[in-house]
Amino acid sequence: MITRGAKRSLRRVAGLALLGALGGCGGQIGVGSDVLWTALFEGDTFGEWTGVTGGDAQAFPMPPNAIAVSSDRAHRGSFAASLTITAGPDGAQENAGLSRAGGLPQAAYYSSWFYLTRTVTVGTFWVIFKFRTRESVDDPTTTNELYDLDLVNMPSGEMTLVLYDHRTTANIALDVADPVVPVGSWFQIEAYYRSAADTTGRVTYWLNGQQIVDVSGQPTGSTPWVEWDACSVGENLTPSTTTLYIDDCAVSLTRVGPSGIIAADSVN
Amino acid sequence: MGKVSPNRSRFGYRGGVREAVLQVARLAATVALLAVASPALATPGDGSGEGPAGETIPPPGALDAPAIGGPSTCPLPDAVWAELGTLVPRDRLNARLHAVAGNTGAVVQIIDLGVPYRVIAAGRVREYRDETRDCAYRARIAAVFVALAIDPAEISMGEPTPPASPTVPPPPPPVTGGPRGGTRLELGAVVDLGAGSGDRTAEAGAALRLAIGRRRFALVAGAVALAPVDTTLGGVRLRQWRLPIDVGVRAQLAGDRVEPYGELGLRAAWLSERALDLAIPQSGTSLDLGLRGSVGGRLATHGRLAPFAALQAELVPSPPQVFALPEGVVGHTPWLWVGATVGASLGFPP
């Protein structure tokens, strides 16, 4: 015999089950990732760069140039890398960079977030995103410059991007003329790069999700070897001391995009 | 006093039914004989044949015209006539037959149709079945019907109950408004089609259901084992594996050919998703909850096993989201599943 209390309990359970069915318990099912590598700097170190083969984080000469993990700004989380160079009008190239040399896929998407604290007048060049190639995979002396993505100034004083091809020593015309690079807010630069000695080579860039240039159907690297740098390499900048913040770097087999999530625990 | 069926044991396991028939027949005969016993005994040796008292019974042809005829060989009209003589005194019988027939010929026709046999008496027709073709038994039954037909005022016990076929068991009495059987175990093949934010997903597997309750409503619970299938969600190829279970109420009706039913209940499904093409694949599981409805029908058979077919739908109001890096949420699993099940239902008596 079912007691009144038991009936109440049964009704309660049935009600909860019905509510659960109607409201659903939803939830998420994680099925994996196409993100091969990330650098979030949330460990307050450059270990994500220096802990992998071919990875590096350095500034030279140092001083005056410096790199640090900073909590002054962060795209997500609490930390970002700050790359400071002092590039005066003396004609010297100043360098601070985070690099992955080798150990990368022949084709992949490379994503990084940048932050400019102010508008900088670029006298000679200021490279923030670059690819290198190597003619012999095992011979570092055969490493060659390939593509530089540079910050430059528009006549209006705003900052924009140019793509420089070291092989032709010339800029490649962008598909989008003079895309504006924001100052005082984070912006994402992402590139698809396929290293190939034949016409399957390709490089494509996006600024905040907008494709700005696509170079395809021509050789890129002579070997599958790839070096990617998120950097601040400049000469003749005004003001000469500039700090560039970099955060949430990733190498992925699918495009990250501005809304992409590169780490399951990086969702804010 | 004559016996309608003195050899009851011959009817084997149907003896209960036969006994009921014979009891009616005996009672009718008893009433008839009580009603006519005195005049019959008061006129012994009238030359009409051997009745209950042992006198000789003349054949039907002793009347002005043959009173019992017909082409039947089982029973023979003569056998019916002889049995009739054990029920009704011969003079009264002759008088009634004359009155009914008006000297126009046979008022009783016996027609053998194989398993069935037809008796026509005084304008009344009755058909009985006897698969054993027990001619003596048929004669007794026909005689009782004839006696009642030609002299209903004297024998008012009503018509004899037609015997049931001795070789075909009668169907069990139906439960009012509900189907036969108490508990049913159903096993079937199931196909489900899912509609979500990705590709249409078709799944196939086996379903096992248990329904308990023989009246209009029954409790029902089921489980389905579906084979894993590949699908694409938000550009991510997945291998999906689903194992739903459900519990609910079945409303069911009895029917001559098909016993229809409908079900409504709650369902839960264990769901596993695994990426096939991601650089770092992993498997994830979730439990989704929803409502399940079904309509179906089961063929009404006399045996315990019956084929069934059903259509089902499952509504999942909040299906789990599928998450992959770097896209984030690439979509959700189907919120609606529709499908069909065919199989066999095994009934257990209550």
# chains A, B, ... in the order shown; residues from 1 in each chain; ligands from 1
$ closest_atom_pairs --of "chain B" --to "chain A" --cutoff "7 Å" --atoms "only C-alpha atoms" --output "tab-separated table"
residue	atom	partner	partner_atom	distance
B:Leu266	CA	A:Ala21	CA	6.8
B:Glu273	CA	A:Val31	CA	6.4
B:Arg274	CA	A:Val31	CA	5.3
B:Ala275	CA	A:Val31	CA	5.2
B:Leu278	CA	A:Asp34	CA	5.1
B:Ala279	CA	A:Asp34	CA	4.6
B:Ile280	CA	A:Ser33	CA	5.0
B:Pro281	CA	A:Gly32	CA	4.2
B:Gln282	CA	A:Gly32	CA	4.7
B:Ser283	CA	A:Val31	CA	5.3
B:Gly284	CA	A:Ile29	CA	5.0
B:Thr285	CA	A:Ile29	CA	5.9
B:Ser286	CA	A:Ile29	CA	6.4
B:Asp288	CA	A:Cys25	CA	6.3
B:Leu289	CA	A:Ala21	CA	4.5
B:Gly290	CA	A:Ala21	CA	4.2
B:Leu291	CA	A:Ala21	CA	6.4
B:Pro317	CA	A:Leu22	CA	5.8
B:Ser318	CA	A:Gly24	CA	4.6
B:Pro319	CA	A:Gly26	CA	5.0
B:Pro320	CA	A:Gly26	CA	4.2
B:Gln321	CA	A:Gln28	CA	4.6
B:Val322	CA	A:Ile29	CA	4.8
B:Phe323	CA	A:Gly30	CA	4.7
B:Ala324	CA	A:Gly32	CA	5.3
B:Leu325	CA	A:Ser33	CA	4.3
B:Pro326	CA	A:Ile261	CA	4.6
B:Glu327	CA	A:Gly260	CA	5.2
B:Gly328	CA	A:Ile261	CA	5.7
$ select_by_dssp --residues "range 77-272 of chain B" --states "strand (DSSP E)" --output "ChimeraX atom specification"
/B:108-112,116-121,124-129,183-195,201-212,217-226,229-233,236-252,258-272
$ residues_around --residues "Thr53 in chain A" --least-positions-apart "3" --cutoff "10 Å" --atoms "only C-alpha atoms" --output "list of chain:residue names"
A:Trp49, A:Thr50, A:Asp56, A:Arg100, A:Ala101, A:Gly102, A:Gly103, A:Leu104
$ select_by_dssp --residues "range 75-280 of chain B" --states "alpha helix (DSSP H)" --output "PyMOL selection string"
chain B and resi 77-85+90-101+135-150
$ write_last_selection --atoms "C-alpha atoms" --output "PDB file, in the first residue's frame"
ATOM      1  CA  PRO B  77     -32.785 -38.149 -41.122  1.00  0.00           C
ATOM      2  CA  ASP B  78     -33.701 -41.515 -39.675  1.00  0.00           C
ATOM      3  CA  ALA B  79     -31.240 -41.052 -36.848  1.00  0.00           C
ATOM      4  CA  VAL B  80     -32.735 -37.663 -36.059  1.00  0.00           C
ATOM      5  CA  TRP B  81     -36.185 -39.212 -36.126  1.00  0.00           C
ATOM      6  CA  ALA B  82     -35.075 -41.912 -33.711  1.00  0.00           C
ATOM      7  CA  GLU B  83     -33.555 -39.344 -31.361  1.00  0.00           C
ATOM      8  CA  LEU B  84     -36.696 -37.266 -31.639  1.00  0.00           C
ATOM      9  CA  GLY B  85     -38.659 -40.234 -30.465  1.00  0.00           C
ATOM     10  CA  ARG B  90     -44.655 -40.537 -30.760  1.00  0.00           C
ATOM     11  CA  ASP B  91     -48.356 -39.700 -31.024  1.00  0.00           C
ATOM     12  CA  ARG B  92     -47.803 -36.162 -29.918  1.00  0.00           C
ATOM     13  CA  LEU B  93     -44.866 -35.938 -32.253  1.00  0.00           C
ATOM     14  CA  ASN B  94     -46.940 -37.104 -35.164  1.00  0.00           C
ATOM     15  CA  ALA B  95     -49.678 -34.717 -34.258  1.00  0.00           C
ATOM     16  CA  ARG B  96     -47.310 -31.776 -34.100  1.00  0.00           C
ATOM     17  CA  LEU B  97     -45.622 -32.704 -37.329  1.00  0.00           C
ATOM     18  CA  HIS B  98     -48.963 -32.998 -39.078  1.00  0.00           C
ATOM     19  CA  ALA B  99     -50.071 -29.699 -37.650  1.00  0.00           C
ATOM     20  CA  VAL B 100     -46.952 -27.956 -38.762  1.00  0.00           C
ATOM     21  CA  ALA B 101     -46.657 -29.617 -42.109  1.00  0.00           C
ATOM     22  CA  CYS B 135     -23.188 -38.382 -36.493  1.00  0.00           C
ATOM     23  CA  ALA B 136     -24.921 -39.709 -33.386  1.00  0.00           C
ATOM     24  CA  TYR B 137     -24.144 -36.560 -31.548  1.00  0.00           C
ATOM     25  CA  ARG B 138     -25.360 -34.476 -34.459  1.00  0.00           C
ATOM     26  CA  ALA B 139     -28.595 -36.445 -34.491  1.00  0.00           C
ATOM     27  CA  ARG B 140     -29.220 -35.720 -30.838  1.00  0.00           C
ATOM     28  CA  ILE B 141     -28.562 -32.010 -31.241  1.00  0.00           C
ATOM     29  CA  ALA B 142     -30.782 -31.828 -34.327  1.00  0.00           C
ATOM     30  CA  ALA B 143     -33.543 -33.702 -32.535  1.00  0.00           C
ATOM     31  CA  VAL B 144     -33.538 -31.277 -29.656  1.00  0.00           C
ATOM     32  CA  PHE B 145     -33.789 -28.349 -32.060  1.00  0.00           C
ATOM     33  CA  VAL B 146     -36.612 -29.994 -33.984  1.00  0.00           C
ATOM     34  CA  ALA B 147     -38.505 -30.766 -30.795  1.00  0.00           C
ATOM     35  CA  LEU B 148     -38.265 -27.179 -29.706  1.00  0.00           C
ATOM     36  CA  ALA B 149     -39.227 -25.917 -33.142  1.00  0.00           C
ATOM     37  CA  ILE B 150     -42.313 -27.987 -33.677  1.00  0.00           C
TER      38      ILE B 150
END
$ residues_around --residues "Asp199 in chain B" --least-positions-apart "5" --cutoff "9 Å" --atoms "only C-alpha atoms" --output "list in words"
Gly194, Thr231, Thr232, Leu233 and Gly234 of chain B
$ write_last_selection --atoms "C-alpha atoms" --output "CSV table (one decimal), in the first residue's frame"
chain,number,residue,atom,x,y,z
B,194,GLY,CA,16.9,13.2,-36.2
B,231,THR,CA,27.1,13.0,-39.1
B,232,THR,CA,28.3,16.6,-39.6
B,233,LEU,CA,27.6,19.4,-37.3
B,234,GLY,CA,28.8,22.9,-38.0
$ atom_distance --atom1 "CA of Ile212 in chain A" --atom2 "CA of Asn236 in chain A"
25.9 Å
$ atom_distance --atom1 "CA of Leu174 in chain A" --atom2 "CA of Thr204 in chain A"
10.3 Å
$ closest_residue --among "A:Ser232, A:Ser71, A:Thr38, A:Ser78" --to "Asn95 in chain A" --atoms "only C-alpha atoms"
A:Ser232
$ atom_distance --atom1 "CA of Val213 in chain A" --atom2 "CA of Asp229 in chain A"
18.5 Å
$ residues_around --residues "range 140-151 of chain A" --least-positions-apart "5" --cutoff "7 Å" --atoms "only C-alpha atoms" --output "PyMOL selection string"
chain A and resi 125-135+159-167
$ closest_residue --among "B:Ala221, B:Leu185, B:Leu113, B:Ala251" --to "Ala344 in chain B" --atoms "only C-alpha atoms"
B:Leu185
